[in-house]
$ cat data31.txt   # compact mmCIF, N, CA and C atoms
# COMPACT_ATOMS: atom_id res chain seq x y z
N MET A 1 -66.23 84.50 -19.39
CA MET A 1 -65.87 83.68 -18.28
C MET A 1 -65.54 82.29 -18.82
N ALA A 2 -64.46 81.69 -18.34
CA ALA A 2 -64.02 80.38 -18.80
C ALA A 2 -64.12 79.37 -17.66
N PHE A 3 -64.49 78.18 -18.03
CA PHE A 3 -64.57 77.11 -17.05
C PHE A 3 -63.59 76.01 -17.46
N PHE A 4 -62.97 75.40 -16.48
CA PHE A 4 -62.04 74.31 -16.73
C PHE A 4 -62.41 73.16 -15.82
N THR A 5 -62.61 72.00 -16.40
CA THR A 5 -62.95 70.81 -15.63
C THR A 5 -61.88 69.76 -15.88
N ASP A 6 -61.35 69.24 -14.81
CA ASP A 6 -60.33 68.21 -14.92
C ASP A 6 -60.76 67.03 -14.05
N THR A 7 -60.78 65.86 -14.63
CA THR A 7 -61.16 64.68 -13.86
C THR A 7 -59.90 63.90 -13.51
N VAL A 8 -59.86 63.40 -12.32
CA VAL A 8 -58.72 62.63 -11.85
C VAL A 8 -59.20 61.20 -11.63
N SER A 9 -58.44 60.28 -12.16
CA SER A 9 -58.80 58.88 -12.00
C SER A 9 -58.68 58.48 -10.53
N ALA A 10 -59.64 57.73 -10.07
CA ALA A 10 -59.63 57.27 -8.68
C ALA A 10 -58.63 56.14 -8.50
N GLN A 11 -58.27 55.49 -9.59
CA GLN A 11 -57.34 54.38 -9.50
C GLN A 11 -55.93 54.87 -9.80
N PRO A 12 -54.98 54.47 -8.97
CA PRO A 12 -53.60 54.89 -9.21
C PRO A 12 -53.07 54.25 -10.50
N GLN A 13 -52.27 54.99 -11.20
CA GLN A 13 -51.66 54.47 -12.42
C GLN A 13 -50.49 53.57 -12.04
N THR A 14 -50.43 52.41 -12.67
CA THR A 14 -49.34 51.49 -12.37
C THR A 14 -48.15 51.83 -13.25
N GLY A 15 -47.00 51.78 -12.66
CA GLY A 15 -45.78 52.07 -13.39
C GLY A 15 -45.24 50.84 -14.08
N ILE A 16 -44.21 51.03 -14.87
CA ILE A 16 -43.60 49.93 -15.62
C ILE A 16 -43.02 48.88 -14.67
N LEU A 17 -42.47 49.31 -13.55
CA LEU A 17 -41.89 48.34 -12.61
C LEU A 17 -42.98 47.46 -11.99
N SER A 18 -44.12 48.02 -11.75
CA SER A 18 -45.24 47.23 -11.21
C SER A 18 -45.68 46.18 -12.22
N LYS A 19 -45.73 46.57 -13.48
CA LYS A 19 -46.14 45.63 -14.53
C LYS A 19 -45.11 44.52 -14.69
N VAL A 20 -43.83 44.87 -14.66
CA VAL A 20 -42.77 43.86 -14.78
C VAL A 20 -42.83 42.92 -13.58
N GLY A 21 -43.01 43.49 -12.39
CA GLY A 21 -43.11 42.66 -11.19
C GLY A 21 -44.28 41.69 -11.26
N ALA A 22 -45.41 42.16 -11.75
CA ALA A 22 -46.58 41.30 -11.88
C ALA A 22 -46.33 40.17 -12.89
N SER A 23 -45.63 40.49 -13.96
CA SER A 23 -45.31 39.46 -14.96
C SER A 23 -44.38 38.40 -14.38
N ILE A 24 -43.39 38.84 -13.62
CA ILE A 24 -42.46 37.88 -13.00
C ILE A 24 -43.20 37.02 -11.98
N ALA A 25 -44.05 37.62 -11.19
CA ALA A 25 -44.83 36.86 -10.20
C ALA A 25 -45.72 35.83 -10.89
N SER A 26 -46.31 36.21 -12.00
CA SER A 26 -47.16 35.29 -12.75
C SER A 26 -46.34 34.11 -13.30
N ALA A 27 -45.15 34.40 -13.79
CA ALA A 27 -44.28 33.34 -14.32
C ALA A 27 -43.90 32.36 -13.21
N PHE A 28 -43.51 32.88 -12.04
CA PHE A 28 -43.17 32.01 -10.93
C PHE A 28 -44.37 31.18 -10.49
N SER A 29 -45.53 31.76 -10.52
CA SER A 29 -46.74 31.03 -10.15
C SER A 29 -46.97 29.85 -11.09
N ARG A 30 -46.76 30.08 -12.39
CA ARG A 30 -46.93 28.99 -13.36
C ARG A 30 -45.89 27.90 -13.15
N ILE A 31 -44.66 28.28 -12.81
CA ILE A 31 -43.60 27.29 -12.57
C ILE A 31 -43.95 26.44 -11.36
N ILE A 32 -44.39 27.07 -10.30
CA ILE A 32 -44.75 26.34 -9.08
C ILE A 32 -45.91 25.39 -9.35
N GLU A 33 -46.89 25.85 -10.09
CA GLU A 33 -48.03 24.99 -10.42
C GLU A 33 -47.59 23.83 -11.29
N ALA A 34 -46.66 24.07 -12.19
CA ALA A 34 -46.16 23.00 -13.06
C ALA A 34 -45.47 21.92 -12.23
N GLN A 35 -44.71 22.32 -11.23
CA GLN A 35 -44.03 21.35 -10.38
C GLN A 35 -45.04 20.52 -9.59
N ASP A 36 -46.14 21.12 -9.20
CA ASP A 36 -47.15 20.39 -8.46
C ASP A 36 -47.83 19.32 -9.32
N ARG A 37 -47.78 19.46 -10.61
CA ARG A 37 -48.45 18.51 -11.50
C ARG A 37 -47.54 17.38 -11.97
N SER A 38 -46.28 17.41 -11.59
CA SER A 38 -45.36 16.37 -12.06
C SER A 38 -45.79 14.99 -11.57
N HIS A 39 -46.39 14.91 -10.39
CA HIS A 39 -46.86 13.61 -9.89
C HIS A 39 -47.97 13.04 -10.78
N GLU A 40 -48.80 13.91 -11.34
CA GLU A 40 -49.87 13.45 -12.24
C GLU A 40 -49.29 12.92 -13.54
N VAL A 41 -48.24 13.57 -14.04
CA VAL A 41 -47.58 13.07 -15.26
C VAL A 41 -47.00 11.69 -14.99
N ARG A 42 -46.31 11.53 -13.86
CA ARG A 42 -45.72 10.22 -13.53
C ARG A 42 -46.80 9.15 -13.36
N ARG A 43 -47.93 9.52 -12.75
CA ARG A 43 -49.01 8.55 -12.55
C ARG A 43 -49.55 8.08 -13.89
N LEU A 44 -49.77 9.01 -14.81
CA LEU A 44 -50.30 8.63 -16.12
C LEU A 44 -49.27 7.84 -16.93
N GLU A 45 -47.99 8.19 -16.80
CA GLU A 45 -46.96 7.45 -17.53
C GLU A 45 -46.84 6.01 -17.05
N ALA A 46 -47.24 5.74 -15.82
CA ALA A 46 -47.18 4.39 -15.26
C ALA A 46 -48.32 3.50 -15.77
N LEU A 47 -49.34 4.11 -16.36
CA LEU A 47 -50.47 3.33 -16.87
C LEU A 47 -50.10 2.64 -18.18
N SER A 48 -50.82 1.60 -18.51
CA SER A 48 -50.60 0.90 -19.78
C SER A 48 -51.24 1.70 -20.91
N ASP A 49 -50.85 1.37 -22.13
CA ASP A 49 -51.44 2.04 -23.30
C ASP A 49 -52.94 1.79 -23.38
N ILE A 50 -53.37 0.62 -22.98
CA ILE A 50 -54.80 0.30 -23.00
C ILE A 50 -55.56 1.17 -22.00
N GLN A 51 -55.00 1.32 -20.80
CA GLN A 51 -55.65 2.17 -19.79
C GLN A 51 -55.71 3.62 -20.26
N LEU A 52 -54.63 4.10 -20.86
CA LEU A 52 -54.62 5.46 -21.37
C LEU A 52 -55.65 5.63 -22.48
N ALA A 53 -55.76 4.62 -23.36
CA ALA A 53 -56.73 4.69 -24.45
C ALA A 53 -58.15 4.75 -23.91
N GLU A 54 -58.41 4.02 -22.84
CA GLU A 54 -59.74 4.07 -22.22
C GLU A 54 -60.06 5.46 -21.68
N MET A 55 -59.02 6.20 -21.30
CA MET A 55 -59.19 7.57 -20.81
C MET A 55 -59.19 8.58 -21.95
N GLY A 56 -58.90 8.10 -23.16
CA GLY A 56 -58.86 9.00 -24.31
C GLY A 56 -57.57 9.79 -24.42
N ILE A 57 -56.49 9.24 -23.88
CA ILE A 57 -55.19 9.93 -23.89
C ILE A 57 -54.17 9.05 -24.58
N ALA A 58 -53.44 9.62 -25.52
CA ALA A 58 -52.33 8.91 -26.15
C ALA A 58 -51.09 9.14 -25.30
N ARG A 59 -50.20 8.17 -25.27
CA ARG A 59 -49.00 8.28 -24.43
C ARG A 59 -48.21 9.56 -24.74
N GLN A 60 -48.09 9.91 -26.00
CA GLN A 60 -47.32 11.09 -26.36
C GLN A 60 -48.03 12.40 -25.96
N ASP A 61 -49.29 12.32 -25.56
CA ASP A 61 -50.06 13.51 -25.19
C ASP A 61 -50.25 13.68 -23.69
N ILE A 62 -49.54 12.89 -22.88
CA ILE A 62 -49.73 12.95 -21.43
C ILE A 62 -49.43 14.34 -20.88
N VAL A 63 -48.28 14.88 -21.22
CA VAL A 63 -47.90 16.20 -20.70
C VAL A 63 -48.87 17.26 -21.18
N ARG A 64 -49.24 17.20 -22.44
CA ARG A 64 -50.21 18.15 -22.99
C ARG A 64 -51.54 18.05 -22.25
N HIS A 65 -51.95 16.83 -21.93
CA HIS A 65 -53.20 16.63 -21.21
C HIS A 65 -53.14 17.22 -19.80
N VAL A 66 -52.06 16.97 -19.09
CA VAL A 66 -51.93 17.43 -17.70
C VAL A 66 -51.88 18.96 -17.62
N PHE A 67 -51.22 19.60 -18.58
CA PHE A 67 -51.04 21.05 -18.54
C PHE A 67 -51.96 21.81 -19.50
N ARG A 68 -52.99 21.17 -19.99
CA ARG A 68 -53.85 21.77 -21.01
C ARG A 68 -54.50 23.08 -20.56
N ASP A 69 -54.86 23.20 -19.28
CA ASP A 69 -55.51 24.43 -18.84
C ASP A 69 -54.51 25.55 -18.53
N VAL A 70 -53.27 25.20 -18.24
CA VAL A 70 -52.29 26.21 -17.90
C VAL A 70 -51.74 26.91 -19.14
N TYR A 71 -51.40 26.15 -20.14
CA TYR A 71 -50.76 26.70 -21.32
C TYR A 71 -51.66 26.73 -22.54
N GLY A 72 -52.90 26.38 -22.38
CA GLY A 72 -53.84 26.41 -23.51
C GLY A 72 -53.52 25.40 -24.58
N LEU A 73 -52.97 24.27 -24.18
CA LEU A 73 -52.61 23.24 -25.16
C LEU A 73 -53.79 22.37 -25.49
$ encode --input "data31.txt" --output "structure tokens"
Amino acid sequence: MAFFTDTVSAQPQTGILSKVGASIASAFSRIIEAQDRSHEVRRLEALSDIQLAEMGIARQDIVRHVFRDVYGL
């Protein structure tokens, strides 16, 4: 006597189109978030070098500072 056991995953398998769609949605999300931060870049650029130094930010690092959590900079 032979027994056969087959398990079926409870979670549906995602197709390639779903993965591509998720990647595109993620990219658009990052773009939208980047646009929301442009006011912070302008605010920091308006500060003097002394004020930036007190905050521990060099003028050339303003963009890197503002987007550090998004792009891992």
$ residues_around --input "data31.txt" --residues "stretch 30-42 of chain A" --least-positions-apart "2" --cutoff "8 Å" --atoms "all atoms listed in the file" --output "NGL selection string"
:A and (24-28 or 44-47 or 62-63 or 66-67 or 70)
$ write_last_selection --input "data31.txt" --atoms "N, CA and C atoms" --output "PDB file, in the frame of the given file"
ATOM      1  N   ILE A  24     -43.390  38.840 -13.620  1.00  0.00           N
ATOM      2  CA  ILE A  24     -42.460  37.880 -13.000  1.00  0.00           C
ATOM      3  C   ILE A  24     -43.200  37.020 -11.980  1.00  0.00           C
ATOM      4  N   ALA A  25     -44.050  37.620 -11.190  1.00  0.00           N
ATOM      5  CA  ALA A  25     -44.830  36.860 -10.200  1.00  0.00           C
ATOM      6  C   ALA A  25     -45.720  35.830 -10.890  1.00  0.00           C
ATOM      7  N   SER A  26     -46.310  36.210 -12.000  1.00  0.00           N
ATOM      8  CA  SER A  26     -47.160  35.290 -12.750  1.00  0.00           C
ATOM      9  C   SER A  26     -46.340  34.110 -13.300  1.00  0.00           C
ATOM     10  N   ALA A  27     -45.150  34.400 -13.790  1.00  0.00           N
ATOM     11  CA  ALA A  27     -44.280  33.340 -14.320  1.00  0.00           C
ATOM     12  C   ALA A  27     -43.900  32.360 -13.210  1.00  0.00           C
ATOM     13  N   PHE A  28     -43.510  32.880 -12.040  1.00  0.00           N
ATOM     14  CA  PHE A  28     -43.170  32.010 -10.930  1.00  0.00           C
ATOM     15  C   PHE A  28     -44.370  31.180 -10.490  1.00  0.00           C
ATOM     16  N   LEU A  44     -49.770   9.010 -14.810  1.00  0.00           N
ATOM     17  CA  LEU A  44     -50.300   8.630 -16.120  1.00  0.00           C
ATOM     18  C   LEU A  44     -49.270   7.840 -16.930  1.00  0.00           C
ATOM     19  N   GLU A  45     -47.990   8.190 -16.800  1.00  0.00           N
ATOM     20  CA  GLU A  45     -46.960   7.450 -17.530  1.00  0.00           C
ATOM     21  C   GLU A  45     -46.840   6.010 -17.050  1.00  0.00           C
ATOM     22  N   ALA A  46     -47.240   5.740 -15.820  1.00  0.00           N
ATOM     23  CA  ALA A  46     -47.180   4.390 -15.260  1.00  0.00           C
ATOM     24  C   ALA A  46     -48.320   3.500 -15.770  1.00  0.00           C
ATOM     25  N   LEU A  47     -49.340   4.110 -16.360  1.00  0.00           N
ATOM     26  CA  LEU A  47     -50.470   3.330 -16.870  1.00  0.00           C
ATOM     27  C   LEU A  47     -50.100   2.640 -18.180  1.00  0.00           C
ATOM     28  N   ILE A  62     -49.540  12.890 -22.880  1.00  0.00           N
ATOM     29  CA  ILE A  62     -49.730  12.950 -21.430  1.00  0.00           C
ATOM     30  C   ILE A  62     -49.430  14.340 -20.880  1.00  0.00           C
ATOM     31  N   VAL A  63     -48.280  14.880 -21.220  1.00  0.00           N
ATOM     32  CA  VAL A  63     -47.900  16.200 -20.700  1.00  0.00           C
ATOM     33  C   VAL A  63     -48.870  17.260 -21.180  1.00  0.00           C
ATOM     34  N   VAL A  66     -52.060  16.970 -19.090  1.00  0.00           N
ATOM     35  CA  VAL A  66     -51.930  17.430 -17.700  1.00  0.00           C
ATOM     36  C   VAL A  66     -51.880  18.960 -17.620  1.00  0.00           C
ATOM     37  N   PHE A  67     -51.220  19.600 -18.580  1.00  0.00           N
ATOM     38  CA  PHE A  67     -51.040  21.050 -18.540  1.00  0.00           C
ATOM     39  C   PHE A  67     -51.960  21.810 -19.500  1.00  0.00           C
ATOM     40  N   VAL A  70     -53.270  25.200 -18.240  1.00  0.00           N
ATOM     41  CA  VAL A  70     -52.290  26.210 -17.900  1.00  0.00           C
ATOM     42  C   VAL A  70     -51.740  26.910 -19.140  1.00  0.00           C
TER      43      VAL A  70
END
$ axis_aligned_box --input "data31.txt" --around "stretch 14-30 of chain A" --padding-each-side "6 Å" --output "JSON"
{"center_x": -46.2, "center_y": 40.2, "center_z": -12.9, "size_x": 20.5, "size_y": 36.5, "size_z": 17.5}
$ atom_distance --input "data31.txt" --atom1 "atom C of A:Ser29" --atom2 "atom N of A:Met55"
28.4 Å
$ atom_distance --input "data31.txt" --atom1 "atom C of A:Asp61" --atom2 "atom CA of A:Asp49"
11.7 Å
$ atom_distance --input "data31.txt" --atom1 "atom CA of A:Val20" --atom2 "atom CA of A:Arg64"
28.0 Å
$ select_by_dssp --input "data31.txt" --residues "stretch 10-68 of chain A" --states "helix (DSSP H, G or I)" --output "ChimeraX atom specification"
/A:16-36,38-45,49-55,59-66,68
